[in-house]
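Below is one structure, written out as structure tokens, with a few remarks after it.
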Amino acid sequence: MSAPLILVVDDEPDLELLVTQRFRKQIRNGELRFLFARDGEEALEILAAEPDVELVLSDINMPRMDGLTLLARLEEADDDRRAVIISAYGDMPNIRAAMNCGAFDFLTKPIAFEDLDAIIAKTLRHVQRYRQMRQGKLEAERARTALARYFSPNLADQLASNPRFMELGGERRVGTFLFTDLANFTPLVEASDPTHVVQLVNSYLDGVTQVIFAEEGTVVKIIGDAVYAMFGAPTEQADHARRAVDCALAIDAFARRFEAEQHAAGVKLGMTRIGVNTGQAIIGNFGGDLFFDYTAHGDAINIASRLESVNKQLGTRLCVSATTVAEVAGFCGRPVGELVLKGREQPLMAWEPLTAAEFDEPRTAAYQAAFDKLAGGDALGARQAFAGLVGLYGDDPLALYHLQRLLAGETGLRIDLPDK
């Protein structure tokens, strides 16, 4: 690190010699460096060529450009260097004028070099503290910019102000994990103009992430059109499961509107499928020193991803696990069944979340009655009940799925779903 650089601005020909003699030891030891100018104009030329100048020591009365004008020009530059006025005119009006123009301190002539030593040391300490503070602010802004890619704005502000968050490492904790995927998007990409695809994806992802941020969720990854988010980290959220379910319903509402708008414009956009699961995972920054990757690892994440995938077989748009449902007071939804996902032996009870309005519809009660027959071992009664549901509500894919199972000879709640 180079020694502090000081610019002395004075038209007295002997001052340069006095300063270099006084500070010869510090100059020789590389502790201080000095430059000299005869007036304000020459000083500005030097400052333009030497941005490392930290301190300007300037007289007031000089030819071409005086010290007060130089101070005003330094103020306009709005940088971190500081100026000290050294003048034979130490009356209060001159001191006040200098301070009003931005002088950090004022020293009268003839120069008492002990006082000059103290002023230089004090001013350079101030400059260093100011630079450190500014650097800290810049780093916080850079951190906030990076975090804003993942977190809601208010959460990004909190995290940017906490340096510990950026440290490597993770911790085991319970969270709720959400996955989304846009159906039939690859064929659309292959058949569409690249510019249109980029605009479409950007608009879609912006809508999805804004919904996640509204519930203070964390966007962990975006891969193509798919979004992976979590709730309950990095900040504790006692209601992370409820937030995730509310978020899933809100994403579904947005995706339905977006899908309808695209269909009206002649774009055959597919449905958005969503899976949600609550469980324990290791959560933290696993990216390394050069890459920030705040993410989670564990089976709970895999289950959430697979629940998103099984929507395709079930015909549903949303599917959440019983562990999530158990954490949400007053949960509104329909039971799907005991799903056996690929790679797992134990069945997992899953639910289809509904809005409060959908939950209060007669078809929901009718579905629950049919499902209760299925759960009670009354396969014939369940088949008749689901057939009645499909007859009344032809647009109920989940009821149709159970009817087809029953017609194929399957019974009970266990549903084997080979899936990724």
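In the structure tokens, chains take letters A, B, ... by order of appearance, with residues numbered from 1 within each chain and ligands from 1 in the order shown.
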Would you please extract all strand (DSSP E or B) residues from range 27-267 of chain A, as assigned by DSSP on the backbone, and give them as a PyMOL selection string?
chain A and resi 33-37+53-58+82-87+105-108+151+169-182+218-223+226-231
Next, write the just-selected residues to a file, as a CSV table (one decimal), in the first residue's frame, keeping N, CA and C atoms as the atom set.
chain,number,residue,atom,x,y,z
A,33,ARG,N,4.1,11.2,1.0
A,33,ARG,CA,4.5,11.7,-0.3
A,33,ARG,C,3.9,13.1,-0.5
A,34,PHE,N,4.7,14.0,-1.2
A,34,PHE,CA,4.2,15.4,-1.4
A,34,PHE,C,4.3,15.8,-2.9
A,35,LEU,N,3.3,16.6,-3.3
A,35,LEU,CA,3.3,17.3,-4.6
A,35,LEU,C,3.1,18.8,-4.3
A,36,PHE,N,3.5,19.6,-5.2
A,36,PHE,CA,3.5,21.1,-5.0
A,36,PHE,C,2.9,21.8,-6.2
A,37,ALA,N,2.0,22.8,-5.9
A,37,ALA,CA,1.4,23.6,-7.0
A,37,ALA,C,1.5,25.1,-6.5
A,53,VAL,N,-4.3,11.6,-4.5
A,53,VAL,CA,-4.1,12.7,-3.5
A,53,VAL,C,-5.2,12.6,-2.4
A,54,GLU,N,-4.8,12.5,-1.2
A,54,GLU,CA,-5.8,12.4,-0.1
A,54,GLU,C,-6.0,13.7,0.7
A,55,LEU,N,-4.9,14.6,0.7
A,55,LEU,CA,-5.0,15.8,1.4
A,55,LEU,C,-4.4,16.9,0.6
A,56,VAL,N,-5.2,18.1,0.6
A,56,VAL,CA,-4.7,19.3,0.0
A,56,VAL,C,-4.5,20.3,1.1
A,57,LEU,N,-3.2,20.9,1.1
A,57,LEU,CA,-2.9,22.0,2.0
A,57,LEU,C,-2.8,23.2,1.2
A,58,SER,N,-3.7,24.2,1.4
A,58,SER,CA,-3.7,25.3,0.4
A,58,SER,C,-3.7,26.7,1.1
A,82,ARG,N,-9.6,15.6,1.4
A,82,ARG,CA,-9.9,16.7,2.3
A,82,ARG,C,-8.9,17.8,2.1
A,83,ALA,N,-9.3,19.0,2.4
A,83,ALA,CA,-8.5,20.2,2.2
A,83,ALA,C,-8.4,20.9,3.5
A,84,VAL,N,-7.1,21.4,3.8
A,84,VAL,CA,-6.8,22.3,5.0
A,84,VAL,C,-6.3,23.6,4.5
A,85,ILE,N,-6.8,24.7,5.0
A,85,ILE,CA,-6.3,26.0,4.6
A,85,ILE,C,-5.2,26.4,5.5
A,86,ILE,N,-4.1,26.9,4.9
A,86,ILE,CA,-3.0,27.5,5.7
A,86,ILE,C,-2.8,28.9,5.2
A,87,SER,N,-3.1,29.9,6.0
A,87,SER,CA,-3.1,31.3,5.6
A,87,SER,C,-2.6,32.2,6.7
A,105,ASP,N,-10.0,21.9,8.0
A,105,ASP,CA,-9.4,22.5,9.1
A,105,ASP,C,-8.7,23.8,8.6
A,106,PHE,N,-8.2,24.6,9.6
A,106,PHE,CA,-7.6,25.9,9.2
A,106,PHE,C,-6.3,26.1,10.1
A,107,LEU,N,-5.2,26.4,9.5
A,107,LEU,CA,-4.0,26.7,10.2
A,107,LEU,C,-3.4,28.0,9.8
A,108,THR,N,-2.9,28.8,10.7
A,108,THR,CA,-2.4,30.2,10.4
A,108,THR,C,-0.9,30.2,10.2
A,151,PHE,N,-34.1,-12.8,-3.1
A,151,PHE,CA,-35.0,-12.4,-2.0
A,151,PHE,C,-35.8,-11.2,-2.3
A,169,GLY,N,-21.2,-22.2,4.6
A,169,GLY,CA,-21.6,-23.1,5.6
A,169,GLY,C,-23.2,-23.2,5.6
A,170,GLY,N,-23.7,-24.2,6.3
A,170,GLY,CA,-25.1,-24.4,6.4
A,170,GLY,C,-25.5,-24.9,7.7
A,171,GLU,N,-26.8,-25.0,7.9
A,171,GLU,CA,-27.4,-25.5,9.2
A,171,GLU,C,-28.6,-26.3,8.9
A,172,ARG,N,-28.9,-27.3,9.7
A,172,ARG,CA,-30.0,-28.1,9.5
A,172,ARG,C,-31.2,-27.4,10.1
A,173,ARG,N,-32.3,-27.3,9.4
A,173,ARG,CA,-33.5,-26.6,9.9
A,173,ARG,C,-34.7,-27.0,9.0
A,174,VAL,N,-35.9,-26.8,9.5
A,174,VAL,CA,-37.1,-27.1,8.8
A,174,VAL,C,-37.6,-25.9,8.0
A,175,GLY,N,-37.9,-26.2,6.8
A,175,GLY,CA,-38.4,-25.2,5.9
A,175,GLY,C,-39.5,-25.8,5.0
A,176,THR,N,-40.1,-25.0,4.1
A,176,THR,CA,-41.0,-25.4,3.1
A,176,THR,C,-40.5,-25.1,1.8
A,177,PHE,N,-40.6,-26.0,0.8
A,177,PHE,CA,-40.0,-25.9,-0.5
A,177,PHE,C,-41.0,-26.0,-1.6
A,178,LEU,N,-40.9,-25.2,-2.6
A,178,LEU,CA,-41.9,-25.0,-3.6
A,178,LEU,C,-41.2,-25.1,-5.0
A,179,PHE,N,-41.8,-25.9,-5.9
A,179,PHE,CA,-41.3,-26.1,-7.2
A,179,PHE,C,-42.4,-25.7,-8.2
A,180,THR,N,-42.0,-25.0,-9.3
A,180,THR,CA,-43.0,-24.8,-10.4
A,180,THR,C,-42.4,-25.3,-11.7
A,181,ASP,N,-43.3,-25.6,-12.6
A,181,ASP,CA,-42.8,-26.0,-14.0
A,181,ASP,C,-43.9,-25.6,-14.9
A,182,LEU,N,-43.5,-25.1,-16.1
A,182,LEU,CA,-44.5,-24.7,-17.2
A,182,LEU,C,-44.6,-25.9,-18.1
A,218,THR,N,-37.8,-17.2,-0.7
A,218,THR,CA,-36.5,-17.1,-1.3
A,218,THR,C,-36.4,-17.8,-2.7
A,219,VAL,N,-36.1,-17.2,-3.7
A,219,VAL,CA,-35.9,-17.8,-5.0
A,219,VAL,C,-34.5,-18.5,-5.0
A,220,VAL,N,-34.5,-19.8,-5.0
A,220,VAL,CA,-33.2,-20.5,-4.9
A,220,VAL,C,-32.6,-20.7,-6.3
A,221,LYS,N,-33.4,-21.1,-7.2
A,221,LYS,CA,-32.9,-21.3,-8.6
A,221,LYS,C,-34.0,-21.1,-9.6
A,222,ILE,N,-33.6,-20.6,-10.8
A,222,ILE,CA,-34.5,-20.6,-11.9
A,222,ILE,C,-33.8,-21.3,-13.0
A,223,ILE,N,-34.4,-22.4,-13.5
A,223,ILE,CA,-33.8,-23.2,-14.6
A,223,ILE,C,-34.8,-23.2,-15.7
A,226,ALA,N,-38.6,-23.1,-15.1
A,226,ALA,CA,-38.9,-23.7,-13.7
A,226,ALA,C,-38.3,-22.8,-12.6
A,227,VAL,N,-39.0,-22.7,-11.5
A,227,VAL,CA,-38.6,-22.0,-10.4
A,227,VAL,C,-38.6,-22.8,-9.1
A,228,TYR,N,-37.5,-22.7,-8.4
A,228,TYR,CA,-37.4,-23.4,-7.1
A,228,TYR,C,-37.3,-22.4,-6.0
A,229,ALA,N,-38.2,-22.4,-5.0
A,229,ALA,CA,-38.2,-21.4,-3.9
A,229,ALA,C,-38.3,-22.1,-2.6
A,230,MET,N,-37.9,-21.4,-1.5
A,230,MET,CA,-38.1,-21.9,-0.2
A,230,MET,C,-38.6,-20.9,0.8
A,231,PHE,N,-39.2,-21.3,1.8
A,231,PHE,CA,-39.7,-20.5,2.9
A,231,PHE,C,-39.2,-21.0,4.2
I'd like the contact shell of Phe254 in chain A - 10 Å cut-off, only C-alpha atoms, skipping same-chain residues fewer than 4 positions apart - returned as a ChimeraX atom specification.
/A:204,207-208,211,248-250,258-260,272
Resulting file, chosen residues, N, CA and C atoms, as a PDB file, in the first residue's frame:
ATOM      1  N   TYR A 204     -43.203 -14.061 -17.707  1.00  0.00           N
ATOM      2  CA  TYR A 204     -43.723 -15.140 -16.856  1.00  0.00           C
ATOM      3  C   TYR A 204     -42.934 -15.248 -15.558  1.00  0.00           C
ATOM      4  N   GLY A 207     -43.500 -12.418 -13.113  1.00  0.00           N
ATOM      5  CA  GLY A 207     -44.747 -12.569 -12.366  1.00  0.00           C
ATOM      6  C   GLY A 207     -44.631 -13.587 -11.248  1.00  0.00           C
ATOM      7  N   VAL A 208     -44.000 -14.737 -11.539  1.00  0.00           N
ATOM      8  CA  VAL A 208     -43.853 -15.790 -10.534  1.00  0.00           C
ATOM      9  C   VAL A 208     -42.975 -15.319  -9.375  1.00  0.00           C
ATOM     10  N   VAL A 211     -44.612 -12.862  -6.995  1.00  0.00           N
ATOM     11  CA  VAL A 211     -45.522 -13.530  -6.062  1.00  0.00           C
ATOM     12  C   VAL A 211     -44.733 -14.146  -4.911  1.00  0.00           C
ATOM     13  N   ALA A 248     -48.286 -20.687  -3.461  1.00  0.00           N
ATOM     14  CA  ALA A 248     -48.663 -21.621  -4.530  1.00  0.00           C
ATOM     15  C   ALA A 248     -50.001 -21.231  -5.144  1.00  0.00           C
ATOM     16  N   LEU A 249     -50.950 -20.885  -4.305  1.00  0.00           N
ATOM     17  CA  LEU A 249     -52.269 -20.482  -4.812  1.00  0.00           C
ATOM     18  C   LEU A 249     -52.179 -19.179  -5.610  1.00  0.00           C
ATOM     19  N   ALA A 250     -51.339 -18.248  -5.134  1.00  0.00           N
ATOM     20  CA  ALA A 250     -51.190 -16.972  -5.835  1.00  0.00           C
ATOM     21  C   ALA A 250     -50.465 -17.158  -7.165  1.00  0.00           C
ATOM     22  N   PHE A 258     -52.088 -15.454 -16.939  1.00  0.00           N
ATOM     23  CA  PHE A 258     -51.043 -15.336 -17.962  1.00  0.00           C
ATOM     24  C   PHE A 258     -51.308 -16.312 -19.101  1.00  0.00           C
ATOM     25  N   GLU A 259     -51.701 -17.516 -18.744  1.00  0.00           N
ATOM     26  CA  GLU A 259     -52.012 -18.538 -19.746  1.00  0.00           C
ATOM     27  C   GLU A 259     -53.165 -18.094 -20.640  1.00  0.00           C
ATOM     28  N   ALA A 260     -54.213 -17.543 -20.011  1.00  0.00           N
ATOM     29  CA  ALA A 260     -55.377 -17.078 -20.784  1.00  0.00           C
ATOM     30  C   ALA A 260     -54.996 -15.924 -21.719  1.00  0.00           C
ATOM     31  N   THR A 272     -49.190 -24.206 -15.462  1.00  0.00           N
ATOM     32  CA  THR A 272     -48.099 -24.209 -14.489  1.00  0.00           C
ATOM     33  C   THR A 272     -48.415 -25.220 -13.405  1.00  0.00           C
TER      34      THR A 272
END
Using only C-alpha atoms, which residues sit within 9 Å of Gly67 in chain A once same-chain residues fewer than 4 positions away are excluded, as JSON, numbers by chain?
{"A": [9, 10, 39, 40, 58, 59, 60, 61, 62, 71, 72, 85, 98]}
Long-range neighbours of Phe113 in chain A as a compact mmCIF listing (two decimals) with C-alpha atoms, in the first residue's frame, 12 Å cut-off, only C-alpha atoms, 3 positions minimum in chain:
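Once written, out_4.txt looks like this:
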# COMPACT_ATOMS: atom_id res chain seq x y z
CA LEU A 15 7.50 26.64 1.26
CA LEU A 18 10.53 23.97 4.18
CA VAL A 19 8.02 21.14 3.85
CA THR A 20 10.45 18.69 2.27
CA GLN A 21 13.02 19.49 4.95
CA ARG A 22 10.51 19.15 7.79
CA PHE A 23 9.14 15.82 6.54
CA ILE A 86 -2.96 27.49 5.65
CA LEU A 107 -3.96 26.68 10.17
CA THR A 108 -2.43 30.18 10.42
CA LYS A 109 0.95 31.36 9.22
CA PRO A 110 3.71 31.43 10.18
CA LEU A 116 0.85 20.93 10.99
CA ASP A 117 2.02 17.42 11.97
CA ALA A 118 -1.07 16.99 14.13
CA ILE A 119 -3.45 18.34 11.48
CA ILE A 120 -1.98 16.12 8.76
Find the residues near Val267 in chain A: any atom within 10 Å, counting only C-alpha atoms, skip ones fewer than 4 places away on the same chain, and give them as a PyMOL selection string.
chain A and resi 188+192+200+259-263
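Of the listed residues A:Val189, A:Asp239, A:Thr316, A:Ala244, the one whose atoms come nearest to Ile212 in chain A is A:Ala244, with distances taken using only C-alpha atoms.
With CA of Glu358 in chain A on one side and CA of Leu389 in chain A on the other, the separation reads 15.2 Å.
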What residues in range 277-418 of chain A get the DSSP label helix (DSSP H, G or I)? Please answer as number ranges by chain.
A: 299-314, 322-325, 356-359, 362-375, 379-392, 397-407
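The smallest atom-to-atom distance between Pro187 in chain A and any of A:Gly409, A:Gly337, A:Gly270, A:Gly330, using only C-alpha atoms, is found for A:Gly270.
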Which one of A:Arg363, A:Ala408, A:Pro51, A:Lys373 sits closest to Leu392 in chain A if you count only C-alpha atoms?
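Closest to Leu392 in chain A, using only C-alpha atoms: A:Arg363.
Of the residues under consideration (A:Leu17, A:Ile111, A:Val328, A:Val320), A:Val328 shows the shortest atom-to-atom contact distance to His240 in chain A when counting only C-alpha atoms.
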Leaving out Leu403 in chain A and any residue of its chain fewer than 3 positions from it, which residues lie within 6 Å of it when counting only C-alpha atoms, given as a ChimeraX atom specification?
/A:383,386,400,406
Of the candidates A:Arg317, A:Arg243, A:Asp206, A:Val8, which shows the shortest atom-to-atom distance to Leu44 in chain A, using only C-alpha atoms?
A:Val8
Which residues, written as a PyMOL selection string, have at least one atom at most 8 Å from range 365-372 of chain A, with only C-alpha atoms counted and residues fewer than 5 positions away on the same chain left out?
chain A and resi 334-335+360+381-383+385-386+389+399
